file data-v3.cif (mmCIF, C-alpha atoms)
data_query
#
loop_
_atom_site.label_atom_id
_atom_site.label_comp_id
_atom_site.auth_asym_id
_atom_site.auth_seq_id
_atom_site.Cartn_x
_atom_site.Cartn_y
_atom_site.Cartn_z
CA MET M 507 5.01 7.05 -3.45
CA SER M 508 4.69 10.68 -2.60
CA ASN M 509 3.93 11.45 1.00
CA HIS M 510 1.19 14.06 1.44
CA LEU M 511 1.35 14.00 5.23
CA THR M 512 1.66 17.56 6.39
CA GLN M 513 1.37 18.88 9.92
CA HIS M 514 -1.75 20.76 8.77
CA ARG M 515 -3.47 17.57 7.48
CA ILE M 516 -2.47 15.66 10.59
CA ALA M 517 -3.80 18.44 12.84
CA ALA M 518 -7.09 18.47 10.91
CA ALA M 519 -7.44 14.67 11.20
CA LEU M 520 -6.71 14.76 14.92
CA ALA M 521 -9.18 17.61 15.42
CA ALA M 522 -11.89 15.54 13.72
CA ALA M 523 -11.12 12.39 15.71
CA THR M 524 -12.29 11.45 19.18
CA GLN M 525 -9.42 10.68 21.50
CA PRO M 526 -9.80 7.65 23.77
CA GLU M 527 -10.24 8.34 27.47
CA GLY M 528 -7.30 8.00 29.83
CA GLU M 529 -4.74 9.41 27.41
CA THR M 530 -2.73 12.58 27.61
CA PRO M 531 -4.60 15.06 25.38
CA TRP M 532 -2.94 15.15 21.96
CA HIS M 533 -2.46 18.92 22.08
CA LEU M 534 -0.44 18.53 25.32
CA LEU M 535 2.04 15.99 23.90
CA LEU M 536 5.60 17.30 23.79
CA THR M 537 6.48 15.32 20.65
CA LYS M 538 5.47 16.24 17.12
CA PRO M 539 3.21 13.77 15.33
CA PRO M 540 5.23 11.12 13.47
CA THR M 541 5.39 11.41 9.69
CA THR M 542 7.50 8.38 8.77
CA HIS M 543 6.50 4.73 8.68
CA ALA M 544 9.21 3.80 11.21
CA ASP M 545 8.14 6.47 13.72
CA VAL M 546 4.45 5.55 13.38
CA ARG M 547 5.17 1.83 13.84
CA MET M 548 7.40 2.55 16.88
CA ALA M 549 4.67 4.61 18.60
CA ILE M 550 2.18 1.79 18.05
CA ALA M 551 4.66 -0.91 19.13
CA ARG M 552 5.52 1.00 22.30
CA ARG M 553 1.90 0.64 23.44
CA ARG M 554 2.07 -3.17 23.06
CA ASP M 555 5.58 -3.94 24.33
CA GLN M 556 6.40 -3.48 28.04
CA ASP M 557 10.16 -3.33 27.34
CA LEU M 558 9.69 -0.50 24.84
CA ARG M 559 7.49 1.32 27.34
CA TYR M 560 10.19 1.06 29.99
CA LEU M 561 12.90 2.29 27.61
CA SER M 562 10.81 5.26 26.45
CA ASP M 563 10.79 6.93 29.87
CA LYS M 564 7.21 8.15 29.26
CA ASP M 565 4.14 7.66 31.39
CA GLU M 566 1.30 5.34 30.36
CA PRO M 567 -1.21 8.07 29.29
CA THR M 568 1.45 9.64 27.02
CA ILE M 569 2.39 6.31 25.43
CA LEU M 570 -1.28 5.56 24.78
CA ALA M 571 -1.86 9.03 23.30
CA GLU M 572 1.15 8.79 21.00
CA ALA M 573 -0.04 5.36 19.80
CA SER M 574 -3.62 6.45 19.09
CA ARG M 575 -2.33 9.55 17.30
CA ALA M 576 0.06 7.35 15.26
CA GLU M 577 -2.81 5.08 14.19
CA ILE M 578 -4.69 8.07 12.77
CA ILE M 579 -1.57 9.16 10.88
CA GLN M 580 -1.08 5.61 9.58
CA ASP M 581 -4.64 5.65 8.24
CA LEU M 582 -3.96 8.98 6.49
CA ALA M 583 -0.87 7.54 4.81
CA ARG M 584 -2.71 4.40 3.73
CA ARG M 585 -5.57 6.50 2.34
CA ASP M 586 -3.00 8.52 0.36
CA GLY M 587 -1.54 5.27 -1.00
CA TYR M 588 -4.91 4.02 -2.17
CA LEU M 589 -5.77 7.35 -3.81
CA THR M 590 -2.40 7.44 -5.58
CA ALA M 591 -2.97 3.89 -6.85
CA LEU M 592 -6.48 4.68 -8.02
CA ALA M 593 -5.20 7.71 -9.93
CA ALA M 594 -2.54 5.50 -11.55
CA ALA M 595 -5.20 2.90 -12.43
CA GLU M 596 -7.31 5.63 -14.00
CA HIS M 597 -4.34 6.71 -16.13
CA ILE M 598 -3.59 3.13 -17.18
CA LEU M 599 -7.21 2.40 -18.08
CA SER M 600 -7.58 5.64 -20.03
CA THR M 601 -4.46 5.04 -22.14
CA THR M 602 -4.05 1.27 -22.57
CA PRO M 603 -5.01 -0.12 -25.98
CA VAL M 604 -6.50 -3.26 -24.34
CA LEU M 605 -8.91 -3.35 -21.42
CA PRO M 606 -8.19 -5.78 -18.61
CA THR M 607 -10.65 -8.13 -16.97
CA ASN M 608 -9.76 -7.00 -13.43
CA VAL M 609 -7.73 -4.28 -11.73
CA ASP M 610 -6.89 -4.75 -8.04
CA VAL M 611 -5.31 -2.18 -5.75
CA ARG M 612 -3.08 -3.64 -3.07
CA LEU M 613 -1.46 -1.83 -0.19
CA ALA M 614 0.16 -4.17 2.29
CA GLU M 615 2.51 -1.72 3.96
CA TRP M 616 2.60 2.04 4.03
CA ASP M 617 6.28 2.37 3.17
CA SER M 618 6.29 -0.08 0.26
CA GLY M 619 3.59 1.87 -1.55
CA PRO M 620 0.58 0.75 -3.50
CA HIS M 621 0.62 -1.96 -6.13
CA LEU M 622 -1.77 -2.54 -9.03
CA VAL M 623 -2.51 -6.08 -10.19
CA ILE M 624 -4.03 -6.12 -13.67
CA ASN M 625 -5.49 -9.32 -15.06
CA PHE M 626 -6.28 -10.27 -18.65
CA HIS M 627 -8.33 -13.48 -18.60
CA LYS M 628 -6.57 -16.12 -20.73
CA ASP M 629 -5.29 -13.49 -23.15
CA PRO M 630 -1.49 -13.49 -23.54
CA ALA M 631 -1.75 -11.29 -26.64
CA ALA M 632 -3.42 -8.58 -24.53
CA VAL M 633 -0.59 -8.75 -21.96
CA ARG M 634 1.97 -8.38 -24.76
CA GLN M 635 0.08 -5.42 -26.25
CA PHE M 636 -0.22 -3.83 -22.79
CA ALA M 637 3.52 -4.33 -22.20
CA ALA M 638 4.42 -2.81 -25.57
CA HIS M 639 2.28 0.24 -24.78
CA PHE M 640 3.97 0.76 -21.38
CA ASN M 641 7.47 -0.22 -22.59
CA THR M 642 7.86 -3.17 -20.24
CA GLY M 643 9.17 -6.65 -20.92
CA VAL M 644 7.09 -9.83 -20.93
CA SER M 645 8.04 -13.04 -19.20
CA GLU M 646 6.49 -16.49 -19.09
CA ARG M 647 6.80 -18.97 -16.27
CA ALA M 648 5.21 -22.18 -15.14
CA HIS M 649 2.25 -21.87 -12.80
CA ALA M 650 0.17 -24.35 -10.81
CA ASP M 651 -1.48 -27.29 -12.55
CA GLY M 652 0.65 -26.92 -15.65
CA ALA M 653 -0.64 -23.44 -16.52
CA VAL M 654 1.64 -20.72 -17.85
CA ARG M 655 1.73 -17.22 -16.35
CA VAL M 656 2.44 -14.50 -18.91
CA GLU M 657 3.28 -11.24 -17.15
CA THR M 658 4.77 -7.79 -17.36
CA ILE M 659 5.90 -5.64 -14.44
CA GLY M 660 6.51 -1.91 -14.33
CA VAL M 661 6.15 1.39 -12.51
CA THR M 662 3.91 4.28 -13.52
CA ASP M 663 5.18 7.85 -13.81
CA SER M 664 3.67 8.50 -10.36
CA GLY M 665 5.73 5.66 -8.85
CA VAL M 666 2.98 3.05 -8.52
CA ARG M 667 4.16 -0.49 -9.20
CA PHE M 668 2.02 -2.66 -11.46
CA GLU M 669 1.93 -6.18 -12.74
CA ALA M 670 -0.26 -7.24 -15.62
CA TYR M 671 -0.71 -10.94 -16.22
CA THR M 672 -2.75 -13.77 -17.60
CA LEU M 673 -2.83 -17.48 -16.96
CA THR M 674 -3.09 -19.79 -19.93
CA ASP M 675 -3.32 -23.51 -20.31
CA ALA M 676 -0.02 -25.27 -20.78
CA PRO M 677 0.74 -26.09 -24.40
CA VAL M 678 -0.49 -29.52 -25.40
CA PRO M 679 2.46 -31.72 -26.34
CA ALA M 680 2.50 -32.99 -29.90
CA VAL M 681 1.28 -36.57 -30.26
CA ALA M 682 3.57 -38.89 -32.19
CA GLN M 683 1.86 -40.71 -35.04
#
call {"tool": "encode", "arguments": {"input": "data-v3.cif", "output": "structure tokens"}}
result
Amino acid sequence: MSNHLTQHRIAAALAAATQPEGETPWHLLLTKPPTTHADVRMAIARRRDQDLRYLSDKDEPTILAEASRAEIIQDLARRDGYLTALAAAEHILSTTPVLPTNVDVRLAEWDSGPHLVINFHKDPAAVRQFAAHFNTGVSERAHADGAVRVETIGVTDSGVRFEAYTLTDAPVPAVAQ
């Protein structure tokens, strides 16, 4: 996933936000705003963990300010992830030969990027046609209650992961006569 976090965007977001009372003013912090997932998570963790506070050699108002600033940056990155995924979903929907029943955007963690989950309701042929269009393989595996999950997994040109799937009833065994 491309990272659109620039110092200019971060500065604009901080300027628009209200800083909590009791913190060192953001513009007086000696550290630059974090732009990586690890640095953002560390600033937030430092606020919660007494041992990390002690090791940081920073005063309480500075630790709190760095954490609140990091939360704003984390929200910017997550917003970017959602927008990237929505653009990828738009491309998929505008080019696929078969329309899905549902498209979900998922973004669990900032650094793992967005993920599209595309569902075709009880239509394995649609999953196969979708996979052929996007040059991805199809697999089948057992699912709960004897159902079969037919799926394809891939990555868009913009780097967004996707899985398209359907659940079908398990094949009915032939009855001996």
call {"tool": "residues_around", "arguments": {"input": "data-v3.cif", "residues": "region 518-522 of chain M", "least_positions_apart": "6", "cutoff": "9 Å", "atoms": "all atoms listed in the file", "output": "list in words"}}
result
Trp532, Arg575, Ile578, Ile579 and Leu582 of chain M
call {"tool": "residues_near_point", "arguments": {"input": "data-v3.cif", "point": "(11.0, -2.4, -24.4)", "cutoff": "12 Å", "atoms": "all atoms listed in the file", "output": "VMD selection string"}}
result
chain M and resid 634 to 644 658 to 660
call {"tool": "closest_residue", "arguments": {"input": "data-v3.cif", "among": "M:Thr672, M:Thr662, M:Thr512, M:Gln580", "to": "Leu592 (chain M)", "atoms": "all atoms listed in the file"}}
result
M:Thr662
call {"tool": "resolve_selection", "arguments": {"input": "data-v3.cif", "expression": "the PyMOL selection byres ((chain M and resi 654) around 7)", "output": "PyMOL selection string"}}
result
chain M and resi 646-649+652-653+655-656+673-676
call {"tool": "resolve_selection", "arguments": {"input": "data-v3.cif", "expression": "the PyMOL selection byres ((chain M and resi 566) around 12)", "output": "list in words"}}
result
Gly528, Glu529, Thr530, Arg552, Arg553, Arg554, Asp555, Gln556, Leu558, Arg559, Tyr560, Ser562, Asp563, Lys564, Asp565, Pro567, Thr568, Ile569, Leu570, Ala571, Glu572 and Ala573 of chain M
call {"tool": "closest_residue", "arguments": {"input": "data-v3.cif", "among": "M:Thr602, M:Thr542, M:Asn608, M:Gln525", "to": "Leu511 (chain M)", "atoms": "only C-alpha atoms"}}
result
M:Thr542
call {"tool": "resolve_selection", "arguments": {"input": "data-v3.cif", "expression": "the PyMOL selection byres ((chain M and resi 605) around 12)", "output": "number ranges by chain"}}
result
M: 595-596, 598-604, 606-609, 624-627, 629, 631-633, 635-636, 670
call {"tool": "write_last_selection", "arguments": {"input": "data-v3.cif", "atoms": "C-alpha atoms", "output": "short mmCIF file (atom, residue, chain, number, x, y, z; two decimals), in the frame of the given file"}}
result
data_model
loop_
_atom_site.label_atom_id
_atom_site.label_comp_id
_atom_site.auth_asym_id
_atom_site.auth_seq_id
_atom_site.Cartn_x
_atom_site.Cartn_y
_atom_site.Cartn_z
CA ALA M 595 -5.20 2.90 -12.43
CA GLU M 596 -7.31 5.63 -14.00
CA ILE M 598 -3.59 3.13 -17.18
CA LEU M 599 -7.21 2.40 -18.08
CA SER M 600 -7.58 5.64 -20.03
CA THR M 601 -4.46 5.04 -22.14
CA THR M 602 -4.05 1.27 -22.57
CA PRO M 603 -5.01 -0.12 -25.98
CA VAL M 604 -6.50 -3.26 -24.34
CA PRO M 606 -8.19 -5.78 -18.61
CA THR M 607 -10.65 -8.13 -16.97
CA ASN M 608 -9.76 -7.00 -13.43
CA VAL M 609 -7.73 -4.28 -11.73
CA ILE M 624 -4.03 -6.12 -13.67
CA ASN M 625 -5.49 -9.32 -15.06
CA PHE M 626 -6.28 -10.27 -18.65
CA HIS M 627 -8.33 -13.48 -18.60
CA ASP M 629 -5.29 -13.49 -23.15
CA ALA M 631 -1.75 -11.29 -26.64
CA ALA M 632 -3.42 -8.58 -24.53
CA VAL M 633 -0.59 -8.75 -21.96
CA GLN M 635 0.08 -5.42 -26.25
CA PHE M 636 -0.22 -3.83 -22.79
CA ALA M 670 -0.26 -7.24 -15.62
#
call {"tool": "atom_distance", "arguments": {"input": "data-v3.cif", "atom1": "CA of Leu613 (chain M)", "atom2": "CA of Val661 (chain M)"}}
result
14.8 Å
call {"tool": "atom_distance", "arguments": {"input": "data-v3.cif", "atom1": "CA of Glu669 (chain M)", "atom2": "CA of Glu657 (chain M)"}}
result
6.8 Å
call {"tool": "atom_distance", "arguments": {"input": "data-v3.cif", "atom1": "CA of Val546 (chain M)", "atom2": "CA of Ala594 (chain M)"}}
result
25.9 Å
call {"tool": "closest_residue", "arguments": {"input": "data-v3.cif", "among": "M:Val666, M:Ala576, M:Leu534, M:Ala523", "to": "Arg547 (chain M)", "atoms": "only C-alpha atoms"}}
result
M:Ala576
call {"tool": "closest_residue", "arguments": {"input": "data-v3.cif", "among": "M:Val623, M:Lys538, M:Ala614, M:Ser664", "to": "Ala593 (chain M)", "atoms": "only C-alpha atoms"}}
result
M:Ser664
call {"tool": "axis_aligned_box", "arguments": {"input": "data-v3.cif", "around": "region 616-633 of chain M", "padding_each_side": "5 Å", "output": "lines of an AutoDock Vina configuration file"}}
result
center_x = -1.0
center_y = -6.9
center_z = -11.3
size_x = 24.6
size_y = 28.5
size_z = 40.7
call {"tool": "closest_residue", "arguments": {"input": "data-v3.cif", "among": "M:Ile550, M:Leu622, M:Ala517, M:Leu561", "to": "Tyr588 (chain M)", "atoms": "all atoms listed in the file"}}
result
M:Leu622
call {"tool": "closest_residue", "arguments": {"input": "data-v3.cif", "among": "M:Asp651, M:Glu577, M:Asp663, M:Asp586", "to": "Asp545 (chain M)", "atoms": "all atoms listed in the file"}}
result
M:Glu577
call {"tool": "decode", "arguments": {"input": "data-v3.cif", "residues": "region 647-660 of chain M", "atoms": "N, CA, C and O atoms", "output": "PDB file, in the first residue's frame"}}
result
ATOM      1  N   ARG M 647     -12.356 -25.780  -0.985  1.00  0.00           N
ATOM      2  CA  ARG M 647     -12.048 -26.444   0.282  1.00  0.00           C
ATOM      3  C   ARG M 647     -13.315 -26.604   1.091  1.00  0.00           C
ATOM      4  O   ARG M 647     -14.282 -25.868   0.897  1.00  0.00           O
ATOM      5  N   ALA M 648     -13.275 -27.574   1.977  1.00  0.00           N
ATOM      6  CA  ALA M 648     -14.426 -27.840   2.837  1.00  0.00           C
ATOM      7  C   ALA M 648     -14.657 -26.659   3.765  1.00  0.00           C
ATOM      8  O   ALA M 648     -13.715 -25.987   4.202  1.00  0.00           O
ATOM      9  N   HIS M 649     -15.915 -26.396   4.041  1.00  0.00           N
ATOM     10  CA  HIS M 649     -16.306 -25.322   4.941  1.00  0.00           C
ATOM     11  C   HIS M 649     -17.269 -25.907   5.971  1.00  0.00           C
ATOM     12  O   HIS M 649     -17.616 -27.084   5.914  1.00  0.00           O
ATOM     13  N   ALA M 650     -17.719 -25.114   6.891  1.00  0.00           N
ATOM     14  CA  ALA M 650     -18.604 -25.583   7.957  1.00  0.00           C
ATOM     15  C   ALA M 650     -19.876 -26.221   7.414  1.00  0.00           C
ATOM     16  O   ALA M 650     -20.351 -25.869   6.335  1.00  0.00           O
ATOM     17  N   ASP M 651     -20.407 -27.135   8.162  1.00  0.00           N
ATOM     18  CA  ASP M 651     -21.671 -27.810   7.841  1.00  0.00           C
ATOM     19  C   ASP M 651     -21.670 -28.479   6.475  1.00  0.00           C
ATOM     20  O   ASP M 651     -22.704 -28.535   5.804  1.00  0.00           O
ATOM     21  N   GLY M 652     -20.524 -28.945   6.045  1.00  0.00           N
ATOM     22  CA  GLY M 652     -20.448 -29.677   4.787  1.00  0.00           C
ATOM     23  C   GLY M 652     -20.451 -28.815   3.546  1.00  0.00           C
ATOM     24  O   GLY M 652     -20.434 -29.334   2.431  1.00  0.00           O
ATOM     25  N   ALA M 653     -20.468 -27.495   3.691  1.00  0.00           N
ATOM     26  CA  ALA M 653     -20.433 -26.615   2.517  1.00  0.00           C
ATOM     27  C   ALA M 653     -19.038 -26.638   1.888  1.00  0.00           C
ATOM     28  O   ALA M 653     -18.072 -27.097   2.481  1.00  0.00           O
ATOM     29  N   VAL M 654     -18.965 -26.130   0.682  1.00  0.00           N
ATOM     30  CA  VAL M 654     -17.695 -26.016  -0.034  1.00  0.00           C
ATOM     31  C   VAL M 654     -17.443 -24.535  -0.307  1.00  0.00           C
ATOM     32  O   VAL M 654     -18.349 -23.821  -0.744  1.00  0.00           O
ATOM     33  N   ARG M 655     -16.228 -24.092  -0.010  1.00  0.00           N
ATOM     34  CA  ARG M 655     -15.838 -22.706  -0.290  1.00  0.00           C
ATOM     35  C   ARG M 655     -15.010 -22.714  -1.571  1.00  0.00           C
ATOM     36  O   ARG M 655     -13.983 -23.367  -1.651  1.00  0.00           O
ATOM     37  N   VAL M 656     -15.501 -21.980  -2.574  1.00  0.00           N
ATOM     38  CA  VAL M 656     -14.800 -21.820  -3.845  1.00  0.00           C
ATOM     39  C   VAL M 656     -14.239 -20.406  -3.810  1.00  0.00           C
ATOM     40  O   VAL M 656     -14.993 -19.442  -3.628  1.00  0.00           O
ATOM     41  N   GLU M 657     -12.908 -20.270  -3.966  1.00  0.00           N
ATOM     42  CA  GLU M 657     -12.312 -18.949  -3.798  1.00  0.00           C
ATOM     43  C   GLU M 657     -11.143 -18.704  -4.743  1.00  0.00           C
ATOM     44  O   GLU M 657     -10.542 -19.632  -5.273  1.00  0.00           O
ATOM     45  N   THR M 658     -10.870 -17.419  -4.919  1.00  0.00           N
ATOM     46  CA  THR M 658      -9.688 -16.971  -5.637  1.00  0.00           C
ATOM     47  C   THR M 658      -9.105 -15.813  -4.846  1.00  0.00           C
ATOM     48  O   THR M 658      -9.842 -15.040  -4.224  1.00  0.00           O
ATOM     49  N   ILE M 659      -7.788 -15.720  -4.844  1.00  0.00           N
ATOM     50  CA  ILE M 659      -7.091 -14.689  -4.079  1.00  0.00           C
ATOM     51  C   ILE M 659      -6.097 -14.004  -4.995  1.00  0.00           C
ATOM     52  O   ILE M 659      -5.433 -14.659  -5.814  1.00  0.00           O
ATOM     53  N   GLY M 660      -5.991 -12.686  -4.871  1.00  0.00           N
ATOM     54  CA  GLY M 660      -5.046 -11.954  -5.704  1.00  0.00           C
ATOM     55  C   GLY M 660      -4.718 -10.591  -5.132  1.00  0.00           C
ATOM     56  O   GLY M 660      -5.124 -10.243  -4.023  1.00  0.00           O
TER      57      GLY M 660
END
